[in-house]
Amino acid sequence: MINTRAAGDSRFARAGKDGAFYNSDGVLLATVESFTSNVNYNNASYSVLGNAQELETANTFKVTLTMSQIVVEDDIFIQELTEAMESQIMPVWDFQGTLKGRNDSEERIVYRDCIPSGQIDLQNVTTGDVIKRAWNFAVNRPPKLQSLLTID
């Protein structure tokens, strides 16, 4: 066998049950069904004399955060969002995403200065389905990696 590492160790592969999403105070946002964070890099293209290849240099990046929330009760997020629409002063939130390892290690990333971005479900009702609310945020500070998963 050539690959003796077998992608690390499959016994340590994580699933959704191992993840959690918290507010800035470390309170579990128990009704969050899923969350995703992404970074999108936008490079600047350029070319130089004597070189036919187009080159790129790092320019900007944007971090986005998306969560799907099961509607159980009207929580602080929807309350602050509707109040913000009335006052026209948008809310700013901080979040923590975690992934628990099998050996009690933890990957924790902190997302600061998150503001509503794009479409947010106020009410999304479908017959025969659990009612959910989709949220989209722009993360206005670079995410902070606080701890890493390990398999040792």
# chains A, B, ... in the order shown; residues from 1 in each chain; ligands from 1
call {"tool": "residues_around", "arguments": {"residues": "A:Ile131", "least_positions_apart": "5", "cutoff": "8 Å", "atoms": "only C-alpha atoms", "output": "number ranges by chain"}}
result
A: 70-71, 124-126
call {"tool": "write_last_selection", "arguments": {"atoms": "N, CA and C atoms", "output": "PDB file, in the first residue's frame"}}
result
ATOM      1  N   ILE A  70     -33.875  27.276  12.334  1.00  0.00           N
ATOM      2  CA  ILE A  70     -35.222  26.730  12.495  1.00  0.00           C
ATOM      3  C   ILE A  70     -36.015  27.702  13.363  1.00  0.00           C
ATOM      4  N   VAL A  71     -37.197  28.071  12.912  1.00  0.00           N
ATOM      5  CA  VAL A  71     -38.005  29.036  13.645  1.00  0.00           C
ATOM      6  C   VAL A  71     -38.781  28.303  14.737  1.00  0.00           C
ATOM      7  N   ASN A 124     -40.698  32.484   5.906  1.00  0.00           N
ATOM      8  CA  ASN A 124     -40.558  31.578   4.775  1.00  0.00           C
ATOM      9  C   ASN A 124     -41.368  30.327   5.129  1.00  0.00           C
ATOM     10  N   VAL A 125     -42.628  30.316   4.752  1.00  0.00           N
ATOM     11  CA  VAL A 125     -43.568  29.288   5.199  1.00  0.00           C
ATOM     12  C   VAL A 125     -43.973  28.414   4.015  1.00  0.00           C
ATOM     13  N   THR A 126     -43.807  27.084   4.184  1.00  0.00           N
ATOM     14  CA  THR A 126     -44.204  26.119   3.178  1.00  0.00           C
ATOM     15  C   THR A 126     -45.008  25.024   3.864  1.00  0.00           C
TER      16      THR A 126
END
call {"tool": "closest_atom_pairs", "arguments": {"of": "stretch 15-127 of chain A", "to": "stretch 132-137 of chain A", "cutoff": "6 Å", "atoms": "only C-alpha atoms", "output": "JSON lines"}}
result
{"residue": "A:Thr64", "atom": "CA", "partner": "A:Phe137", "partner_atom": "CA", "distance": 5.7}
{"residue": "A:Leu65", "atom": "CA", "partner": "A:Phe137", "partner_atom": "CA", "distance": 5.1}
{"residue": "A:Thr66", "atom": "CA", "partner": "A:Asn136", "partner_atom": "CA", "distance": 4.6}
{"residue": "A:Met67", "atom": "CA", "partner": "A:Trp135", "partner_atom": "CA", "distance": 5.2}
{"residue": "A:Ser68", "atom": "CA", "partner": "A:Ala134", "partner_atom": "CA", "distance": 4.6}
{"residue": "A:Gln69", "atom": "CA", "partner": "A:Arg133", "partner_atom": "CA", "distance": 5.1}
{"residue": "A:Ile70", "atom": "CA", "partner": "A:Lys132", "partner_atom": "CA", "distance": 4.3}
{"residue": "A:Val71", "atom": "CA", "partner": "A:Lys132", "partner_atom": "CA", "distance": 5.3}
{"residue": "A:Cys114", "atom": "CA", "partner": "A:Phe137", "partner_atom": "CA", "distance": 5.7}
{"residue": "A:Ile115", "atom": "CA", "partner": "A:Phe137", "partner_atom": "CA", "distance": 5.3}
{"residue": "A:Pro116", "atom": "CA", "partner": "A:Phe137", "partner_atom": "CA", "distance": 4.5}
{"residue": "A:Ser117", "atom": "CA", "partner": "A:Phe137", "partner_atom": "CA", "distance": 4.7}
{"residue": "A:Ile120", "atom": "CA", "partner": "A:Trp135", "partner_atom": "CA", "distance": 4.8}
{"residue": "A:Asp121", "atom": "CA", "partner": "A:Arg133", "partner_atom": "CA", "distance": 5.1}
call {"tool": "closest_residue", "arguments": {"among": "A:Val39, A:Ile151, A:Leu49, A:Leu55", "to": "A:Glu106", "atoms": "only C-alpha atoms"}}
result
A:Ile151
call {"tool": "atom_distance", "arguments": {"atom1": "atom CA of A:Asp94", "atom2": "atom CA of A:Asn140"}}
result
10.1 Å
call {"tool": "residues_around", "arguments": {"residues": "A:Arg141", "least_positions_apart": "5", "cutoff": "8 Å", "atoms": "only C-alpha atoms", "output": "PyMOL selection string"}}
result
chain A and resi 111-113
call {"tool": "residues_around", "arguments": {"residues": "A:Arg14", "least_positions_apart": "4", "cutoff": "10 Å", "atoms": "only C-alpha atoms", "output": "PyMOL selection string"}}
result
chain A and resi 10+18-19+99-102
call {"tool": "closest_residue", "arguments": {"among": "A:Glu73, A:Thr82, A:Thr98, A:Lys144", "to": "A:Ser34", "atoms": "only C-alpha atoms"}}
result
A:Thr98
call {"tool": "select_by_dssp", "arguments": {"residues": "chain A", "states": "strand (DSSP E or B)", "output": "JSON, numbers by chain"}}
result
{"A": [19, 20, 21, 22, 23, 28, 32, 33, 34, 35, 36, 37, 38, 39, 40, 41, 42, 43, 44, 45, 46, 55, 56, 57, 58, 59, 60, 61, 62, 63, 64, 65, 66, 67, 68, 69, 70, 93, 94, 95, 96, 97, 98, 99, 100, 106, 107, 108, 109, 110, 111, 112, 113, 114, 115, 116, 132, 133, 134, 135, 136, 137, 138, 139, 144, 145, 146, 147]}
call {"tool": "decode", "arguments": {"residues": "stretch 49-61 of chain A", "atoms": "N, CA, C and O atoms", "output": "PDB file, in the first residue's frame"}}
result
ATOM      1  N   LEU A  49       5.704  44.038 -20.080  1.00  0.00           N
ATOM      2  CA  LEU A  49       6.380  43.974 -21.375  1.00  0.00           C
ATOM      3  C   LEU A  49       7.298  42.766 -21.425  1.00  0.00           C
ATOM      4  O   LEU A  49       7.980  42.435 -20.451  1.00  0.00           O
ATOM      5  N   GLY A  50       7.284  42.093 -22.543  1.00  0.00           N
ATOM      6  CA  GLY A  50       8.178  40.971 -22.746  1.00  0.00           C
ATOM      7  C   GLY A  50       7.669  39.661 -22.173  1.00  0.00           C
ATOM      8  O   GLY A  50       8.369  38.657 -22.192  1.00  0.00           O
ATOM      9  N   ASN A  51       6.444  39.638 -21.649  1.00  0.00           N
ATOM     10  CA  ASN A  51       5.884  38.415 -21.072  1.00  0.00           C
ATOM     11  C   ASN A  51       4.457  38.272 -21.572  1.00  0.00           C
ATOM     12  O   ASN A  51       3.617  39.140 -21.320  1.00  0.00           O
ATOM     13  N   ALA A  52       4.173  37.183 -22.294  1.00  0.00           N
ATOM     14  CA  ALA A  52       2.837  36.983 -22.860  1.00  0.00           C
ATOM     15  C   ALA A  52       1.827  36.482 -21.827  1.00  0.00           C
ATOM     16  O   ALA A  52       0.632  36.498 -22.063  1.00  0.00           O
ATOM     17  N   GLN A  53       2.335  36.064 -20.684  1.00  0.00           N
ATOM     18  CA  GLN A  53       1.437  35.522 -19.654  1.00  0.00           C
ATOM     19  C   GLN A  53       0.840  36.651 -18.820  1.00  0.00           C
ATOM     20  O   GLN A  53       1.541  37.558 -18.377  1.00  0.00           O
ATOM     21  N   GLU A  54      -0.476  36.581 -18.621  1.00  0.00           N
ATOM     22  CA  GLU A  54      -1.132  37.517 -17.718  1.00  0.00           C
ATOM     23  C   GLU A  54      -0.888  37.047 -16.291  1.00  0.00           C
ATOM     24  O   GLU A  54      -0.997  35.863 -15.979  1.00  0.00           O
ATOM     25  N   LEU A  55      -0.550  37.971 -15.428  1.00  0.00           N
ATOM     26  CA  LEU A  55      -0.234  37.665 -14.035  1.00  0.00           C
ATOM     27  C   LEU A  55      -1.305  38.229 -13.110  1.00  0.00           C
ATOM     28  O   LEU A  55      -2.117  39.051 -13.526  1.00  0.00           O
ATOM     29  N   GLU A  56      -1.291  37.787 -11.873  1.00  0.00           N
ATOM     30  CA  GLU A  56      -2.213  38.315 -10.867  1.00  0.00           C
ATOM     31  C   GLU A  56      -1.455  38.619  -9.592  1.00  0.00           C
ATOM     32  O   GLU A  56      -0.460  37.968  -9.271  1.00  0.00           O
ATOM     33  N   THR A  57      -1.961  39.589  -8.877  1.00  0.00           N
ATOM     34  CA  THR A  57      -1.455  39.897  -7.548  1.00  0.00           C
ATOM     35  C   THR A  57      -2.638  39.972  -6.588  1.00  0.00           C
ATOM     36  O   THR A  57      -3.756  40.304  -7.000  1.00  0.00           O
ATOM     37  N   ALA A  58      -2.362  39.640  -5.358  1.00  0.00           N
ATOM     38  CA  ALA A  58      -3.435  39.664  -4.361  1.00  0.00           C
ATOM     39  C   ALA A  58      -3.990  41.073  -4.238  1.00  0.00           C
ATOM     40  O   ALA A  58      -3.250  42.051  -4.234  1.00  0.00           O
ATOM     41  N   ASN A  59      -5.309  41.181  -4.158  1.00  0.00           N
ATOM     42  CA  ASN A  59      -5.943  42.490  -4.076  1.00  0.00           C
ATOM     43  C   ASN A  59      -6.862  42.553  -2.859  1.00  0.00           C
ATOM     44  O   ASN A  59      -6.490  43.107  -1.839  1.00  0.00           O
ATOM     45  N   THR A  60      -8.032  41.957  -2.939  1.00  0.00           N
ATOM     46  CA  THR A  60      -8.983  42.034  -1.835  1.00  0.00           C
ATOM     47  C   THR A  60      -9.576  40.655  -1.556  1.00  0.00           C
ATOM     48  O   THR A  60      -9.503  39.756  -2.387  1.00  0.00           O
ATOM     49  N   PHE A  61     -10.183  40.525  -0.385  1.00  0.00           N
ATOM     50  CA  PHE A  61     -10.954  39.325  -0.078  1.00  0.00           C
ATOM     51  C   PHE A  61     -12.195  39.732   0.694  1.00  0.00           C
ATOM     52  O   PHE A  61     -12.240  40.795   1.312  1.00  0.00           O
TER      53      PHE A  61
END
